[in-house]
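Q: Input: one structure, supplied below.
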Amino acid sequence: MEQVAFIVWRESVEALLVVGILYAWLRANPVAGQRGMAYLWGGVGLGLVLSGLLALTLLGVSSWLDDTAQEYFQAAMPLVAAALIVQMVVWMRKNGRSLKRELEGGLASNAAEKNWWGLLFLVALAVAREGSETVVFLYGSVAGSSNGGSLALAGLGGFVAAMATFQLLQLGGKYISWRWFFKITEILLLLLAGAMLNSGVEHLIGMGVLPAMIDPLWDSSAWLDESMGVGKLLADFAGYRSHPALSLLVIWSSYWIASTWLLRRVSRTGQ
């Protein structure tokens with residue numbers, strides 16, 4: 001449930017940031033704003049619909065597959081979600097500083113040409129991107145869970161927290177700045193991606209697709225049990241395992257080496 005709340009919170013804040021930038025520009029330009037507001041909210045609605053269609057597609061695909069194919073599908077989705085999280089973190093590291101300028105420039109261009117449908121599709125794509133990432137992350141995180149009611153409440157709580165966070169961030173750094181928000185959530189997202197990676201790899205090991213090599217490599221459950229308390233929190237958010245297979249540890253370590261190298265390269269070169 002903690003994963004669900006965090007994912008919804010983080011992705012909702014980013015979607016609110018995009019919509020908020022465009023909304024503020026339209027409010028500051030009343031002539032364009034009169035026409036543009038309807039297309040802005042229309043784009044938000046269309047983006048949510050597209051995200052919902054993706055969710056229904058994933059559920060439909062899962063229900064059509066036989067048992068063996070479902071095993072592969074449920075193993076693949078956490079791996080896809082982990083890759084998307086890393087891609088999103090890299091993209092924000094590279095484009096975060098220029099995001100506002102690029103959005104406002106695109107909106108100004110659409111307004112000057114009276115291309116309001118361009119605004120609608122700009123917003124729809126932005127919202128659909130965040131919504132689609134949320135759908136994939138959530139599916140990769142909770143595939144196979146039967147506790148739907150609690151997960152829905154966790155998602156609702158995450159969205160409410162996102163609204164409150166966005167309001168705090170809009171205060172101009174009085175409590176927390178956008179820069180620190182992205183730095184903190186970047187680390188949390190990479191930890192979560194590592195946890196999803198482990199989940200998918202464990203699934204593949206259990207299916208016999210990947211060799212365990214040595215299983216278990218150690219057993220630390222007597223000191224930190226992954227099924228309860230702090231151990232469970234670390235398992236959900238960082239991929240901690242009290243009795244990991246050697247191949248799992250090798251893949252998880254390789255993930256962190258590759259992610260760290262990639263982010264440092266982006267920060268150093270800006271490419």
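Just so we're on the same page: first chain in the structure tokens is A, next is B, and so on; residues restart at 1 for each chain, and ligands are numbered from 1 in the order they show up.
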Using backbone DSSP assignments, extract all alpha helix (DSSP H) residues from segment 1-226 of chain A; output them as a VMD selection string.
A: chain A and resid 2 to 28 30 to 64 67 to 95 99 to 112 116 to 142 148 to 169 178 to 207
Q: Give me the residues within 9 Å of segment 118-129 of chain A as a ChimeraX atom specification, counting only C-alpha atoms and dropping any in the same chain fewer than 6 places off.
A: /A:15-16,18-19,22,36,38-51,103,106-107,110-111
Q: Take the residues just selected and output them with N, CA and C atoms as a PDB file, in the first residue's frame.
A:
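out.pdb written:
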ATOM      1  N   ALA A  15       2.147  15.834 -12.625  1.00  0.00           N
ATOM      2  CA  ALA A  15       1.067  16.227 -13.529  1.00  0.00           C
ATOM      3  C   ALA A  15       0.502  17.590 -13.139  1.00  0.00           C
ATOM      4  N   LEU A  16       0.345  17.820 -11.828  1.00  0.00           N
ATOM      5  CA  LEU A  16      -0.156  19.120 -11.352  1.00  0.00           C
ATOM      6  C   LEU A  16       0.816  20.244 -11.703  1.00  0.00           C
ATOM      7  N   VAL A  18       2.755  20.422 -14.401  1.00  0.00           N
ATOM      8  CA  VAL A  18       2.573  20.758 -15.813  1.00  0.00           C
ATOM      9  C   VAL A  18       1.295  21.566 -16.016  1.00  0.00           C
ATOM     10  N   VAL A  19       0.186  21.083 -15.453  1.00  0.00           N
ATOM     11  CA  VAL A  19      -1.087  21.792 -15.603  1.00  0.00           C
ATOM     12  C   VAL A  19      -1.016  23.163 -14.939  1.00  0.00           C
ATOM     13  N   LEU A  22       0.823  25.801 -17.135  1.00  0.00           N
ATOM     14  CA  LEU A  22      -0.016  26.257 -18.245  1.00  0.00           C
ATOM     15  C   LEU A  22      -1.187  27.101 -17.741  1.00  0.00           C
ATOM     16  N   GLY A  36      -8.443  29.707 -23.989  1.00  0.00           N
ATOM     17  CA  GLY A  36      -7.562  28.580 -23.709  1.00  0.00           C
ATOM     18  C   GLY A  36      -7.971  27.701 -22.554  1.00  0.00           C
ATOM     19  N   ALA A  38     -10.788  26.353 -21.563  1.00  0.00           N
ATOM     20  CA  ALA A  38     -11.630  25.201 -21.909  1.00  0.00           C
ATOM     21  C   ALA A  38     -10.787  24.092 -22.537  1.00  0.00           C
ATOM     22  N   TYR A  39      -9.815  24.487 -23.376  1.00  0.00           N
ATOM     23  CA  TYR A  39      -8.965  23.494 -24.020  1.00  0.00           C
ATOM     24  C   TYR A  39      -7.977  22.889 -23.020  1.00  0.00           C
ATOM     25  N   LEU A  40      -7.551  23.701 -22.047  1.00  0.00           N
ATOM     26  CA  LEU A  40      -6.666  23.184 -20.999  1.00  0.00           C
ATOM     27  C   LEU A  40      -7.351  22.057 -20.237  1.00  0.00           C
ATOM     28  N   TRP A  41      -8.568  22.320 -19.750  1.00  0.00           N
ATOM     29  CA  TRP A  41      -9.272  21.297 -18.969  1.00  0.00           C
ATOM     30  C   TRP A  41      -9.732  20.140 -19.847  1.00  0.00           C
ATOM     31  N   GLY A  42     -10.016  20.441 -21.116  1.00  0.00           N
ATOM     32  CA  GLY A  42     -10.333  19.365 -22.045  1.00  0.00           C
ATOM     33  C   GLY A  42      -9.144  18.432 -22.229  1.00  0.00           C
ATOM     34  N   GLY A  43      -7.937  19.009 -22.296  1.00  0.00           N
ATOM     35  CA  GLY A  43      -6.728  18.201 -22.411  1.00  0.00           C
ATOM     36  C   GLY A  43      -6.490  17.349 -21.178  1.00  0.00           C
ATOM     37  N   VAL A  44      -6.772  17.915 -19.996  1.00  0.00           N
ATOM     38  CA  VAL A  44      -6.649  17.143 -18.753  1.00  0.00           C
ATOM     39  C   VAL A  44      -7.587  15.934 -18.797  1.00  0.00           C
ATOM     40  N   GLY A  45      -8.845  16.193 -19.192  1.00  0.00           N
ATOM     41  CA  GLY A  45      -9.826  15.105 -19.260  1.00  0.00           C
ATOM     42  C   GLY A  45      -9.416  14.037 -20.266  1.00  0.00           C
ATOM     43  N   LEU A  46      -8.941  14.459 -21.446  1.00  0.00           N
ATOM     44  CA  LEU A  46      -8.529  13.504 -22.469  1.00  0.00           C
ATOM     45  C   LEU A  46      -7.334  12.683 -22.002  1.00  0.00           C
ATOM     46  N   GLY A  47      -6.385  13.323 -21.324  1.00  0.00           N
ATOM     47  CA  GLY A  47      -5.225  12.606 -20.800  1.00  0.00           C
ATOM     48  C   GLY A  47      -5.617  11.540 -19.793  1.00  0.00           C
ATOM     49  N   LEU A  48      -6.590  11.871 -18.922  1.00  0.00           N
ATOM     50  CA  LEU A  48      -7.066  10.897 -17.941  1.00  0.00           C
ATOM     51  C   LEU A  48      -7.779   9.734 -18.617  1.00  0.00           C
ATOM     52  N   VAL A  49      -8.554  10.037 -19.659  1.00  0.00           N
ATOM     53  CA  VAL A  49      -9.246   8.978 -20.403  1.00  0.00           C
ATOM     54  C   VAL A  49      -8.236   8.026 -21.043  1.00  0.00           C
ATOM     55  N   LEU A  50      -7.187   8.576 -21.660  1.00  0.00           N
ATOM     56  CA  LEU A  50      -6.165   7.747 -22.296  1.00  0.00           C
ATOM     57  C   LEU A  50      -5.461   6.856 -21.270  1.00  0.00           C
ATOM     58  N   SER A  51      -5.201   7.416 -20.090  1.00  0.00           N
ATOM     59  CA  SER A  51      -4.575   6.617 -19.032  1.00  0.00           C
ATOM     60  C   SER A  51      -5.509   5.493 -18.582  1.00  0.00           C
ATOM     61  N   LEU A 103       7.305  24.605 -21.799  1.00  0.00           N
ATOM     62  CA  LEU A 103       5.837  24.549 -21.775  1.00  0.00           C
ATOM     63  C   LEU A 103       5.232  25.904 -22.115  1.00  0.00           C
ATOM     64  N   GLY A 106       5.731  26.701 -25.827  1.00  0.00           N
ATOM     65  CA  GLY A 106       4.791  25.974 -26.673  1.00  0.00           C
ATOM     66  C   GLY A 106       3.388  26.545 -26.582  1.00  0.00           C
ATOM     67  N   LEU A 107       2.982  26.931 -25.371  1.00  0.00           N
ATOM     68  CA  LEU A 107       1.652  27.513 -25.187  1.00  0.00           C
ATOM     69  C   LEU A 107       1.559  28.878 -25.867  1.00  0.00           C
ATOM     70  N   ASN A 110       1.161  28.344 -29.575  1.00  0.00           N
ATOM     71  CA  ASN A 110      -0.202  27.906 -29.913  1.00  0.00           C
ATOM     72  C   ASN A 110      -1.195  29.058 -29.810  1.00  0.00           C
ATOM     73  N   ALA A 111      -1.033  29.900 -28.769  1.00  0.00           N
ATOM     74  CA  ALA A 111      -1.951  31.019 -28.578  1.00  0.00           C
ATOM     75  C   ALA A 111      -1.801  32.048 -29.700  1.00  0.00           C
TER      76      ALA A 111
END
Q: Between A:Gly158, A:Gly200, A:Pro78, A:Gly194, single out the one closest to Phe137 of chain A, counting only C-alpha atoms.
A: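 The shortest atom-to-atom distance to Phe137 of chain A comes from A:Pro78.
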Q: What lies within 9 Å of Gln3 of chain A using only C-alpha atoms, ignoring chain neighbours under 6 positions off, as JSON, numbers by chain?
A: {"A": [138, 141, 142, 154, 192, 236, 237]}
Q: Suppose you want the space between atom CA of Pro216 of chain A and atom CA of Thr68 of chain A; what is it in Å?
A: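 Interatomic distance, atom CA of Pro216 of chain A to atom CA of Thr68 of chain A: 25.5 Å.
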Q: Could you list, as a list of chain:residue names, every residue within 10 Å of Gly155 of chain A, counting only C-alpha atoms and ignoring same-chain residues fewer than 5 positions away?
A: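 Close residues of Gly155 of chain A: A:Met1, A:Glu2, A:Gln3, A:Val4, A:Ala5, A:Phe6, A:Ile7, A:Val8, A:Trp9, A:Leu138, A:Gly149, A:Ser150, A:Val160, A:Ala161.
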Q: Taking C-alpha atoms for each residue, export the selection above as a PDB file, in the first residue's frame.
A:
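Once everything was written out, this is again08.pdb:
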ATOM      1  CA  MET A   1       0.000   0.000   0.000  1.00  0.00           C
ATOM      2  CA  GLU A   2       2.891   2.351   0.748  1.00  0.00           C
ATOM      3  CA  GLN A   3       4.172   1.874  -2.798  1.00  0.00           C
ATOM      4  CA  VAL A   4       0.745   2.722  -4.242  1.00  0.00           C
ATOM      5  CA  ALA A   5       0.411   5.897  -2.160  1.00  0.00           C
ATOM      6  CA  PHE A   6       3.931   7.036  -3.071  1.00  0.00           C
ATOM      7  CA  ILE A   7       3.526   6.381  -6.799  1.00  0.00           C
ATOM      8  CA  VAL A   8       0.198   8.211  -6.997  1.00  0.00           C
ATOM      9  CA  TRP A   9       1.583  11.075  -4.898  1.00  0.00           C
ATOM     10  CA  LEU A 138       0.984   0.428 -10.112  1.00  0.00           C
ATOM     11  CA  GLY A 149     -10.146  -1.768  -1.348  1.00  0.00           C
ATOM     12  CA  SER A 150      -7.037  -0.929   0.644  1.00  0.00           C
ATOM     13  CA  VAL A 160      -4.836  14.065  -1.572  1.00  0.00           C
ATOM     14  CA  ALA A 161      -1.234  14.276  -0.353  1.00  0.00           C
TER      15      ALA A 161
END
Q: Under the rule that only C-alpha atoms are counted, which of A:Glu11, A:Glu71, A:Glu130, A:Asp66 is the nearest residue to Leu204 of chain A?
A: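 When distances to Leu204 of chain A are compared using only C-alpha atoms, the smallest one comes from A:Glu71.
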Q: Output as JSON lines one row per residue of segment 80-155 of chain A within 8 Å of segment 183-190 of chain A: the closest atom pair and its distance in Å to one decimal place, counting only C-alpha atoms, sorted by chain and residue number ascending.
A:
{"residue": "A:Ile85", "atom": "CA", "partner": "A:Leu189", "partner_atom": "CA", "distance": 6.7}
{"residue": "A:Val86", "atom": "CA", "partner": "A:Leu190", "partner_atom": "CA", "distance": 6.6}
{"residue": "A:Val89", "atom": "CA", "partner": "A:Glu186", "partner_atom": "CA", "distance": 6.1}
Q: Restricted to N, CA and C atoms, what would the selected residues look like written as a PDB file, in the first residue's frame?
A:
ATOM      1  N   ILE A  85      10.771   3.989 -14.613  1.00  0.00           N
ATOM      2  CA  ILE A  85      11.111   4.884 -13.512  1.00  0.00           C
ATOM      3  C   ILE A  85      12.498   5.482 -13.728  1.00  0.00           C
ATOM      4  N   VAL A  86      13.456   4.650 -14.099  1.00  0.00           N
ATOM      5  CA  VAL A  86      14.807   5.151 -14.355  1.00  0.00           C
ATOM      6  C   VAL A  86      14.785   6.153 -15.510  1.00  0.00           C
ATOM      7  N   VAL A  89      13.371   9.447 -14.244  1.00  0.00           N
ATOM      8  CA  VAL A  89      14.321  10.168 -13.397  1.00  0.00           C
ATOM      9  C   VAL A  89      15.394  10.836 -14.255  1.00  0.00           C
TER      10      VAL A  89
END
Q: Any idea what's packed within 9 Å of Ile205 of chain A, counting only C-alpha atoms, ignoring anything in its chain fewer than 4 positions away? Could you give it as a tab-separated table (two decimals) with all heavy atoms, in the first residue's frame?
A:
chain	number	residue	atom	x	y	z
A	200	GLY	N	10.55	-8.56	-10.09
A	200	GLY	CA	10.50	-9.22	-11.39
A	200	GLY	C	11.55	-10.32	-11.52
A	200	GLY	O	11.28	-11.40	-12.05
A	201	VAL	N	12.76	-10.04	-11.03
A	201	VAL	CA	13.85	-11.02	-11.12
A	201	VAL	C	13.51	-12.26	-10.28
A	201	VAL	O	13.73	-13.41	-10.71
A	201	VAL	CB	15.18	-10.40	-10.66
A	201	VAL	CG1	16.26	-11.47	-10.50
A	201	VAL	CG2	15.63	-9.34	-11.65
A	209	VAL	N	13.49	-19.38	-15.23
A	209	VAL	CA	14.03	-18.68	-16.40
A	209	VAL	C	15.45	-18.19	-16.12
A	209	VAL	O	16.32	-18.23	-17.00
A	209	VAL	CB	13.12	-17.49	-16.78
A	209	VAL	CG1	13.71	-16.69	-17.93
A	209	VAL	CG2	11.73	-18.00	-17.15
A	210	LEU	N	15.68	-17.70	-14.91
A	210	LEU	CA	17.01	-17.27	-14.48
A	210	LEU	C	17.55	-18.24	-13.44
A	210	LEU	O	16.79	-18.71	-12.58
A	210	LEU	CB	16.96	-15.86	-13.88
A	210	LEU	CG	16.71	-14.69	-14.83
A	210	LEU	CD1	16.61	-13.40	-14.02
A	210	LEU	CD2	17.81	-14.57	-15.86
A	211	PRO	N	18.84	-18.52	-13.47
A	211	PRO	CA	19.42	-19.39	-12.43
A	211	PRO	C	19.61	-18.62	-11.13
A	211	PRO	O	19.97	-17.44	-11.14
A	211	PRO	CB	20.78	-19.79	-13.04
A	211	PRO	CG	21.15	-18.63	-13.92
A	211	PRO	CD	19.84	-18.12	-14.49
A	212	ALA	N	19.39	-19.27	-10.00
A	212	ALA	CA	19.59	-18.62	-8.71
A	212	ALA	C	21.07	-18.54	-8.36
A	212	ALA	O	21.49	-17.68	-7.61
A	212	ALA	CB	18.84	-19.38	-7.62
A	245	ALA	N	19.03	-14.63	-3.42
A	245	ALA	CA	19.82	-15.48	-4.31
A	245	ALA	C	21.00	-14.66	-4.84
A	245	ALA	O	20.91	-13.43	-4.95
A	245	ALA	CB	18.96	-15.98	-5.46
A	247	SER	N	22.21	-14.47	-7.88
A	247	SER	CA	21.91	-13.80	-9.15
A	247	SER	C	21.07	-12.54	-8.92
A	247	SER	O	21.27	-11.53	-9.60
A	247	SER	CB	21.18	-14.76	-10.09
A	247	SER	OG	20.00	-15.25	-9.50
A	248	LEU	N	20.17	-12.58	-7.94
A	248	LEU	CA	19.37	-11.40	-7.61
A	248	LEU	C	20.28	-10.27	-7.12
A	248	LEU	O	20.13	-9.12	-7.55
A	248	LEU	CB	18.34	-11.76	-6.53
A	248	LEU	CG	17.46	-10.61	-6.02
A	248	LEU	CD1	16.45	-10.20	-7.08
A	248	LEU	CD2	16.75	-11.00	-4.73
Q: From the set A:Gln170, A:Ser12, A:Ser221, A:Ser132, which residue has the shortest atom-to-atom contact distance to Leu58 of chain A, counting only C-alpha atoms?
A: A:Ser132
Q: Find the residue from A:Ile176, A:Leu171, A:Ala82, A:Ile257 that sits nearest to Gly239 of chain A; use only C-alpha atoms when measuring.
A: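 Using only C-alpha atoms, Gly239 of chain A sits closest to A:Ala82.
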Q: As an exercise, work out the distance from atom CA of Ala162 of chain A to atom CA of Asn198 of chain A in Å and give it to one decimal place.
A: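 If I compute the distance from atom CA of Ala162 of chain A to atom CA of Asn198 of chain A, I get 27.1 Å.
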Q: Any idea what's packed within 8 Å of Leu217 of chain A, counting only C-alpha atoms, ignoring anything in its chain fewer than 2 positions away? Could you give it as a list in words?
A: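 Residues meeting the cut-off are Ile214, Asp215, Asp219, His243, Pro244, Ala245 and Leu246 of chain A.
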Q: Please save N, CA, C and O atoms of the selected residues as an mmCIF file, in the first residue's frame.
A:
data_model
loop_
_atom_site.group_PDB
_atom_site.id
_atom_site.type_symbol
_atom_site.label_atom_id
_atom_site.label_comp_id
_atom_site.auth_asym_id
_atom_site.auth_seq_id
_atom_site.Cartn_x
_atom_site.Cartn_y
_atom_site.Cartn_z
ATOM 1 N N ILE A 214 23.369 -19.260 -6.234
ATOM 2 C CA ILE A 214 23.408 -19.702 -4.823
ATOM 3 C C ILE A 214 22.155 -19.164 -4.163
ATOM 4 O O ILE A 214 21.899 -17.953 -4.205
ATOM 5 N N ASP A 215 21.365 -20.014 -3.548
ATOM 6 C CA ASP A 215 20.095 -19.564 -2.967
ATOM 7 C C ASP A 215 19.790 -20.365 -1.686
ATOM 8 O O ASP A 215 19.579 -21.577 -1.740
ATOM 9 N N ASP A 219 21.193 -15.456 5.226
ATOM 10 C CA ASP A 219 19.886 -15.351 5.871
ATOM 11 C C ASP A 219 20.011 -14.373 7.036
ATOM 12 O O ASP A 219 20.595 -14.681 8.067
ATOM 13 N N HIS A 243 17.063 -13.176 2.585
ATOM 14 C CA HIS A 243 17.752 -14.373 2.095
ATOM 15 C C HIS A 243 17.791 -14.344 0.563
ATOM 16 O O HIS A 243 17.093 -15.107 -0.103
ATOM 17 N N PRO A 244 18.644 -13.486 0.003
ATOM 18 C CA PRO A 244 18.654 -13.305 -1.453
ATOM 19 C C PRO A 244 19.424 -14.407 -2.180
ATOM 20 O O PRO A 244 20.351 -15.015 -1.634
ATOM 21 N N ALA A 245 19.033 -14.634 -3.422
ATOM 22 C CA ALA A 245 19.824 -15.479 -4.311
ATOM 23 C C ALA A 245 20.998 -14.659 -4.841
ATOM 24 O O ALA A 245 20.912 -13.429 -4.949
ATOM 25 N N LEU A 246 22.083 -15.326 -5.176
ATOM 26 C CA LEU A 246 23.266 -14.623 -5.675
ATOM 27 C C LEU A 246 22.967 -13.864 -6.963
ATOM 28 O O LEU A 246 23.395 -12.717 -7.129
#
